[in-house]
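Structure data (compact mmCIF, C-alpha atoms) from upload_24.txt:
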# COMPACT_ATOMS: atom_id res chain seq x y z
CA MET C 1 -8.42 -29.10 1.37
CA ILE C 2 -7.66 -25.76 -0.31
CA GLU C 3 -9.45 -25.28 -3.61
CA CYS C 4 -7.13 -24.06 -6.34
CA MET C 5 -8.23 -20.77 -7.86
CA LYS C 6 -9.00 -20.91 -11.58
CA ASN C 7 -7.58 -17.52 -12.49
CA GLY C 8 -5.08 -15.12 -11.05
CA ILE C 9 -4.31 -12.69 -8.26
CA VAL C 10 -3.75 -8.94 -8.47
CA VAL C 11 -2.01 -7.30 -5.52
CA PHE C 12 -2.09 -3.51 -5.29
CA ASP C 13 -0.02 -1.07 -3.32
CA PHE C 14 -2.36 1.77 -2.31
CA ASP C 15 -0.83 5.22 -1.76
CA GLY C 16 -0.04 6.74 -5.17
CA THR C 17 -0.91 3.45 -6.89
CA LEU C 18 -4.68 3.48 -6.51
CA THR C 19 -4.90 7.10 -5.33
CA CYS C 20 -4.18 10.52 -6.75
CA GLN C 21 -1.11 11.91 -5.03
CA GLN C 22 -0.53 15.65 -4.76
CA ASN C 23 3.07 16.84 -4.52
CA SER C 24 4.16 13.26 -3.75
CA MET C 25 2.51 13.45 -0.33
CA THR C 26 1.48 10.11 1.18
CA MET C 27 -1.28 9.67 3.74
CA TRP C 28 1.46 9.65 6.39
CA SER C 29 2.73 13.00 5.10
CA LEU C 30 -0.77 14.44 5.25
CA ILE C 31 -1.08 13.42 8.91
CA TRP C 32 2.27 15.02 9.72
CA LYS C 33 1.16 18.17 7.93
CA LYS C 34 -2.17 18.36 9.75
CA ILE C 35 -0.48 18.14 13.16
CA GLY C 36 2.09 20.77 12.15
CA LYS C 37 5.09 18.44 12.18
CA LEU C 38 5.79 17.78 8.52
CA HIS C 39 9.49 18.58 8.96
CA MET C 40 9.74 15.99 11.76
CA GLY C 41 7.98 13.39 9.64
CA ASN C 42 10.35 14.01 6.73
CA SER C 43 13.36 13.84 9.07
CA LEU C 44 12.36 10.47 10.54
CA TYR C 45 11.69 9.04 7.08
CA THR C 46 15.11 10.23 5.85
CA GLN C 47 16.81 8.73 8.90
CA PHE C 48 15.13 5.40 8.19
CA GLN C 49 15.93 5.48 4.47
CA ASN C 50 19.58 6.26 5.21
CA GLY C 51 19.85 3.41 7.72
CA PHE C 52 20.32 5.56 10.83
CA ILE C 53 17.23 4.13 12.54
CA SER C 54 15.38 0.85 12.12
CA ARG C 55 11.81 0.60 10.90
CA THR C 56 10.72 -0.26 14.46
CA GLU C 57 12.49 2.84 15.80
CA TRP C 58 10.91 4.95 13.05
CA PHE C 59 7.45 3.83 14.11
CA ARG C 60 8.23 4.23 17.81
CA GLU C 61 9.30 7.84 17.29
CA THR C 62 6.29 8.49 15.05
CA GLU C 63 3.96 7.18 17.77
CA LYS C 64 5.54 9.56 20.30
CA GLU C 65 5.07 12.53 17.98
CA PHE C 66 1.46 11.56 17.15
CA SER C 67 0.47 11.03 20.79
CA GLY C 68 -2.16 13.50 21.99
CA LEU C 69 -2.55 14.99 18.51
CA VAL C 70 -3.85 12.28 16.20
CA THR C 71 -7.52 11.35 16.49
CA ARG C 72 -9.98 9.25 14.56
CA GLY C 73 -11.52 12.47 13.27
CA LEU C 74 -8.16 13.65 11.95
CA LEU C 75 -7.77 10.40 9.98
CA GLN C 76 -11.24 10.89 8.51
CA SER C 77 -10.14 14.38 7.46
CA VAL C 78 -7.02 12.94 5.79
CA ALA C 79 -9.12 10.34 3.98
CA SER C 80 -11.43 13.05 2.66
CA ASP C 81 -8.40 14.78 1.09
CA ILE C 82 -7.46 11.65 -0.89
CA SER C 83 -9.33 10.34 -3.92
CA LEU C 84 -9.06 7.16 -5.93
CA ARG C 85 -7.45 7.39 -9.36
CA ARG C 86 -9.68 7.79 -12.40
CA GLY C 87 -10.99 4.40 -13.45
CA ALA C 88 -10.20 2.62 -10.18
CA VAL C 89 -13.68 1.24 -9.52
CA GLU C 90 -14.05 0.22 -13.17
CA LEU C 91 -10.73 -1.63 -12.90
CA PHE C 92 -11.89 -3.48 -9.77
CA GLU C 93 -15.12 -4.47 -11.53
CA ASN C 94 -13.29 -5.56 -14.67
CA LEU C 95 -10.71 -7.68 -12.89
CA THR C 96 -13.15 -9.40 -10.55
CA GLY C 97 -15.44 -9.95 -13.54
CA HIS C 98 -12.59 -11.90 -15.11
CA SER C 99 -12.23 -14.01 -11.94
CA TYR C 100 -9.16 -12.28 -10.53
CA LYS C 101 -8.90 -12.05 -6.74
CA LEU C 102 -7.79 -8.61 -5.52
CA TYR C 103 -5.59 -7.73 -2.55
CA ILE C 104 -4.13 -4.54 -1.08
CA LEU C 105 -0.60 -4.69 0.31
CA SER C 106 0.25 -1.26 1.63
CA GLY C 107 2.67 0.60 3.84
CA GLY C 108 -0.14 3.05 4.53
CA ILE C 109 -2.79 3.06 7.25
CA GLY C 110 -5.64 0.58 7.16
CA THR C 111 -8.19 2.92 8.72
CA ILE C 112 -7.61 5.55 6.04
CA ILE C 113 -7.59 2.96 3.25
CA ARG C 114 -10.95 1.62 4.42
CA ASP C 115 -12.38 5.14 4.66
CA ILE C 116 -11.28 5.95 1.10
CA LEU C 117 -12.52 2.70 -0.38
CA ALA C 118 -15.84 2.80 1.51
CA SER C 119 -18.15 0.22 -0.09
CA ASN C 120 -15.50 -0.60 -2.71
CA ILE C 121 -13.60 -2.54 -0.07
CA SER C 122 -15.90 -5.45 -0.97
CA PHE C 123 -13.80 -6.00 -4.11
CA PHE C 124 -10.81 -7.05 -1.98
CA GLU C 125 -10.04 -10.35 -0.31
CA ASP C 126 -7.67 -8.71 2.19
CA VAL C 127 -6.23 -5.30 3.08
CA SER C 128 -2.77 -5.57 4.62
CA ALA C 129 -1.41 -2.31 6.10
CA ASN C 130 -0.21 -0.56 9.21
CA ASP C 131 -2.96 0.78 11.43
CA ILE C 132 -3.66 3.27 14.19
CA ILE C 133 -5.65 2.06 17.18
CA PHE C 134 -8.03 4.46 18.94
CA ASP C 135 -9.90 4.37 22.24
CA LYS C 136 -13.67 4.82 22.56
CA ASN C 137 -13.23 8.60 22.53
CA GLY C 138 -11.37 8.51 19.22
CA ASP C 139 -7.95 9.31 20.69
CA MET C 140 -4.89 7.45 19.45
CA VAL C 141 -3.69 4.60 21.65
CA HIS C 142 -1.09 2.86 19.51
CA ILE C 143 0.36 2.53 16.01
CA ARG C 144 0.33 -1.10 14.87
CA MET C 145 3.17 -1.74 12.44
CA THR C 146 2.61 -4.34 9.74
CA SER C 147 5.25 -6.99 9.10
CA PHE C 148 4.40 -6.85 5.40
CA ASP C 149 6.06 -3.68 4.12
CA TYR C 150 9.41 -3.21 2.40
CA GLY C 151 11.02 -6.70 2.51
CA GLY C 152 7.84 -8.06 4.07
CA LYS C 153 5.88 -7.46 0.86
CA ALA C 154 7.64 -10.36 -0.81
CA THR C 155 6.89 -12.52 2.25
CA TYR C 156 3.19 -11.64 2.04
CA ILE C 157 3.01 -12.67 -1.62
CA ARG C 158 4.89 -15.92 -0.98
CA ASN C 159 2.42 -16.72 1.80
CA LEU C 160 -0.48 -15.84 -0.50
CA VAL C 161 0.78 -18.11 -3.27
CA ARG C 162 1.25 -20.96 -0.80
CA HIS C 163 -2.25 -20.49 0.65
CA THR C 164 -4.15 -20.08 -2.63
CA GLN C 165 -1.99 -22.45 -4.72
CA VAL C 166 -2.07 -19.90 -7.55
CA PRO C 167 1.15 -20.17 -9.60
CA TYR C 168 3.55 -17.24 -9.42
CA ASN C 169 3.12 -16.50 -13.13
CA SER C 170 -0.58 -15.79 -12.48
CA VAL C 171 0.19 -13.11 -9.89
CA TYR C 172 0.40 -9.40 -10.72
CA TYR C 173 1.74 -6.71 -8.40
CA ILE C 174 1.05 -3.02 -9.04
CA GLY C 175 3.14 -0.49 -7.12
CA ASN C 176 5.11 2.72 -7.46
CA SER C 177 7.84 3.25 -4.87
CA VAL C 178 10.88 2.00 -2.95
CA ASN C 179 8.89 0.00 -0.41
CA ASP C 180 7.64 -2.21 -3.28
CA LEU C 181 11.05 -3.30 -4.53
CA SER C 182 11.23 -6.61 -2.64
CA VAL C 183 8.46 -8.06 -4.82
CA LEU C 184 10.78 -7.77 -7.83
CA SER C 185 12.68 -10.77 -6.43
CA LEU C 186 9.65 -12.99 -7.08
CA PRO C 187 8.77 -14.67 -10.41
CA ILE C 188 5.57 -12.62 -10.75
CA LYS C 189 4.44 -9.94 -13.19
CA THR C 190 5.01 -6.42 -11.89
CA ILE C 191 3.56 -3.11 -13.07
CA CYS C 192 5.12 0.20 -11.99
CA ILE C 193 2.53 2.98 -12.21
CA SER C 194 3.61 6.64 -11.97
CA PRO C 195 6.86 5.83 -10.11
CA ILE C 196 7.88 8.00 -7.16
CA GLY C 197 11.42 8.08 -5.81
CA LEU C 198 12.67 5.29 -8.08
CA SER C 199 15.81 5.49 -10.19
CA PRO C 200 15.74 4.60 -13.90
CA GLU C 201 17.61 1.39 -13.04
CA GLN C 202 15.02 0.44 -10.44
CA ILE C 203 12.14 1.19 -12.82
CA SER C 204 13.76 -0.98 -15.50
CA ARG C 205 13.50 -4.02 -13.22
CA TRP C 206 9.69 -4.03 -13.32
CA SER C 207 7.88 -6.07 -15.98
CA TYR C 208 5.92 -3.03 -17.20
CA GLU C 209 5.65 0.71 -16.58
CA CYS C 210 2.56 2.86 -17.13
CA ASN C 211 0.86 6.00 -15.87
CA ASP C 212 -2.85 5.19 -15.61
CA LEU C 213 -5.21 2.43 -14.51
CA SER C 214 -6.65 1.85 -17.98
CA SER C 215 -3.16 0.74 -19.04
CA VAL C 216 -3.02 -1.56 -16.01
CA ALA C 217 -6.25 -3.22 -17.17
CA GLN C 218 -4.87 -3.69 -20.68
CA LEU C 219 -1.63 -5.21 -19.40
CA ILE C 220 -3.42 -7.74 -17.21
CA LEU C 221 -6.33 -8.62 -19.48
CA GLU C 222 -4.57 -8.49 -22.86
Rewrite the coordinates I just gave you, this time as structure tokens.
Amino acid sequence: MIECMKNGIVVFDFDGTLTCQQNSMTMWSLIWKKIGKLHMGNSLYTQFQNGFISRTEWFRETEKEFSGLVTRGLLQSVASDISLRRGAVELFENLTGHSYKLYILSGGIGTIIRDILASNISFFEDVSANDIIFDKNGDMVHIRMTSFDYGGKATYIRNLVRHTQVPYNSVYYIGNSVNDLSVLSLPIKTICISPIGLSPEQISRWSYECNDLSSVAQLILE
């Protein structure tokens, strides 16, 4: 029998939500830049956003372009270029101290997320993301695409609510971009932090908007 949780759930996007983002570059963009193919990365993303290729095709083409160039060491280098936002660890401590369960639901790369979080990963019940698989020599073998990005983010949260039996009105989602929009269809509380690539109309659909993690803490724990 599943034990009902006594408090709530906080689900975080990662790139640009929990991290400092320079020039709107995601961890994917940083990989493309390091292998000298930033223009190709931008082109594939634009084709996907405009509906010319599917998400599966986008990842298939990305895997072809990464092949022979992306290594485990390169991902470690990308992770070292990314830092958590000011107050992130304090926020994790504060929320878990108030009996919230924390989750990461990201369109980023799990390996990089785990490298950035390091020991702070212990605050999280689950990290859902894409990932890159390497062989024993650290060379890329395959990109594993998550089902839980874009429209799949809403599916993940529905599954989470069903599994934990936490009511929707005790769930918070914190995000910042277009791949988070599906969660707005759910009866949960949503916080848009430092939005990137969102129109004013899209931003207005979130429950709250803010620009720092101290405000996130106040909105959840008020």
- Using only C-alpha atoms, the residue out of C:Gln76, C:Ser177, C:Ser99, C:Gln49 with shortest distance to Asn7 of chain C is C:Ser99
Might you pull out every residue within 6 Å of segment 83-95 of chain C, with only C-alpha atoms counted and same-chain residues fewer than 5 positions away left off, and present them as a PDB file with C-alpha atoms, keeping the file's coordinate frame?
ATOM      1  CA  LEU C  18      -4.680   3.480  -6.510  1.00  0.00           C
ATOM      2  CA  THR C  19      -4.900   7.100  -5.330  1.00  0.00           C
ATOM      3  CA  CYS C  20      -4.180  10.520  -6.750  1.00  0.00           C
ATOM      4  CA  TYR C 100      -9.160 -12.280 -10.530  1.00  0.00           C
TER       5      TYR C 100
END
- Query: Pick the closest to Thr56 of chain C from C:Met145, C:Gly107, C:Arg72, C:Leu117: which is it, counting all atoms listed in the file?
  - Reply: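 The shortest atom-to-atom distance to Thr56 of chain C comes from C:Met145.
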- Query: Which is closer to Gln47 of chain C than all the others in C:Ser29, C:Lys34, C:Ser185, C:Glu61, using only C-alpha atoms?
  - Reply: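 Nearest candidate to Gln47 of chain C out of C:Ser29, C:Lys34, C:Ser185, C:Glu61: C:Glu61.
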- Item | For Phe59 of chain C, the nearest of the candidates C:Ile132, C:Ile112, C:Leu213, C:Val10, counting all atoms listed in the file | C:Ile132
Let me have the centre and edge lengths of the axis-aligned box enclosing all listed atoms of segment 20-38 of chain C with 6 Å padding on every side, in Å to one decimal, as lines of an AutoDock Vina configuration file.
center_x = 0.8
center_y = 15.2
center_z = 3.2
size_x = 22.0
size_y = 23.1
size_z = 31.9
Supply segment 115-142 of chain C as a JSON list (two decimals), keeping the file's coordinate frame, with N, CA and C atoms built in where the input has gaps.
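So part-v8.json came out as:
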[["chain", "number", "residue", "atom", "x", "y", "z"],
["C", 115, "ASP", "N", -11.54, 3.95, 4.82],
["C", 115, "ASP", "CA", -12.38, 5.14, 4.66],
["C", 115, "ASP", "C", -12.45, 5.57, 3.19],
["C", 116, "ILE", "N", -11.31, 5.53, 2.50],
["C", 116, "ILE", "CA", -11.28, 5.95, 1.10],
["C", 116, "ILE", "C", -12.04, 4.98, 0.22],
["C", 117, "LEU", "N", -11.85, 3.70, 0.44],
["C", 117, "LEU", "CA", -12.52, 2.70, -0.38],
["C", 117, "LEU", "C", -14.02, 2.65, -0.12],
["C", 118, "ALA", "N", -14.41, 2.88, 1.13],
["C", 118, "ALA", "CA", -15.84, 2.80, 1.51],
["C", 118, "ALA", "C", -16.42, 1.46, 1.04],
["C", 119, "SER", "N", -17.51, 1.48, 0.33],
["C", 119, "SER", "CA", -18.15, 0.22, -0.09],
["C", 119, "SER", "C", -17.30, -0.56, -1.08],
["C", 120, "ASN", "N", -16.35, 0.09, -1.73],
["C", 120, "ASN", "CA", -15.50, -0.60, -2.71],
["C", 120, "ASN", "C", -14.54, -1.58, -2.06],
["C", 121, "ILE", "N", -14.46, -1.57, -0.75],
["C", 121, "ILE", "CA", -13.60, -2.54, -0.07],
["C", 121, "ILE", "C", -14.08, -3.97, -0.32],
["C", 122, "SER", "N", -15.34, -4.11, -0.72],
["C", 122, "SER", "CA", -15.90, -5.45, -0.97],
["C", 122, "SER", "C", -15.23, -6.14, -2.15],
["C", 123, "PHE", "N", -14.51, -5.39, -2.99],
["C", 123, "PHE", "CA", -13.80, -6.00, -4.11],
["C", 123, "PHE", "C", -12.56, -6.78, -3.66],
["C", 124, "PHE", "N", -12.10, -6.54, -2.42],
["C", 124, "PHE", "CA", -10.81, -7.05, -1.98],
["C", 124, "PHE", "C", -10.94, -8.20, -0.99],
["C", 125, "GLU", "N", -10.09, -9.20, -1.20],
["C", 125, "GLU", "CA", -10.04, -10.35, -0.31],
["C", 125, "GLU", "C", -9.37, -10.00, 1.01],
["C", 126, "ASP", "N", -8.41, -9.07, 0.97],
["C", 126, "ASP", "CA", -7.67, -8.71, 2.19],
["C", 126, "ASP", "C", -7.05, -7.33, 1.99],
["C", 127, "VAL", "N", -6.96, -6.58, 3.07],
["C", 127, "VAL", "CA", -6.23, -5.30, 3.08],
["C", 127, "VAL", "C", -5.15, -5.43, 4.14],
["C", 128, "SER", "N", -3.90, -5.47, 3.71],
["C", 128, "SER", "CA", -2.77, -5.57, 4.62],
["C", 128, "SER", "C", -2.09, -4.20, 4.70],
["C", 129, "ALA", "N", -1.99, -3.65, 5.92],
["C", 129, "ALA", "CA", -1.41, -2.31, 6.10],
["C", 129, "ALA", "C", -1.06, -2.11, 7.56],
["C", 130, "ASN", "N", -0.36, -1.03, 7.84],
["C", 130, "ASN", "CA", -0.21, -0.56, 9.21],
["C", 130, "ASN", "C", -1.57, -0.08, 9.68],
["C", 131, "ASP", "N", -1.71, 0.18, 10.98],
["C", 131, "ASP", "CA", -2.96, 0.78, 11.43],
["C", 131, "ASP", "C", -2.73, 1.59, 12.70],
["C", 132, "ILE", "N", -3.67, 2.46, 12.96],
["C", 132, "ILE", "CA", -3.66, 3.27, 14.19],
["C", 132, "ILE", "C", -4.86, 2.86, 15.02],
["C", 133, "ILE", "N", -4.61, 2.54, 16.27],
["C", 133, "ILE", "CA", -5.65, 2.06, 17.18],
["C", 133, "ILE", "C", -6.13, 3.24, 18.04],
["C", 134, "PHE", "N", -7.44, 3.36, 18.17],
["C", 134, "PHE", "CA", -8.03, 4.46, 18.94],
["C", 134, "PHE", "C", -8.85, 3.92, 20.11],
["C", 135, "ASP", "N", -9.03, 4.75, 21.14],
["C", 135, "ASP", "CA", -9.90, 4.37, 22.24],
["C", 135, "ASP", "C", -11.34, 4.76, 21.90],
["C", 136, "LYS", "N", -12.25, 4.56, 22.83],
["C", 136, "LYS", "CA", -13.67, 4.82, 22.56],
["C", 136, "LYS", "C", -13.97, 6.29, 22.32],
["C", 137, "ASN", "N", -13.05, 7.16, 22.75],
["C", 137, "ASN", "CA", -13.23, 8.60, 22.53],
["C", 137, "ASN", "C", -12.61, 9.07, 21.21],
["C", 138, "GLY", "N", -11.98, 8.15, 20.49],
["C", 138, "GLY", "CA", -11.37, 8.51, 19.22],
["C", 138, "GLY", "C", -9.96, 9.04, 19.34],
["C", 139, "ASP", "N", -9.33, 8.88, 20.51],
["C", 139, "ASP", "CA", -7.95, 9.31, 20.69],
["C", 139, "ASP", "C", -6.99, 8.16, 20.40],
["C", 140, "MET", "N", -5.85, 8.48, 19.81],
["C", 140, "MET", "CA", -4.89, 7.45, 19.45],
["C", 140, "MET", "C", -4.33, 6.74, 20.67],
["C", 141, "VAL", "N", -4.28, 5.42, 20.59],
["C", 141, "VAL", "CA", -3.69, 4.60, 21.65],
["C", 141, "VAL", "C", -2.35, 4.04, 21.21],
["C", 142, "HIS", "N", -2.28, 3.60, 19.95],
["C", 142, "HIS", "CA", -1.09, 2.86, 19.51],
["C", 142, "HIS", "C", -1.04, 2.83, 17.99]]
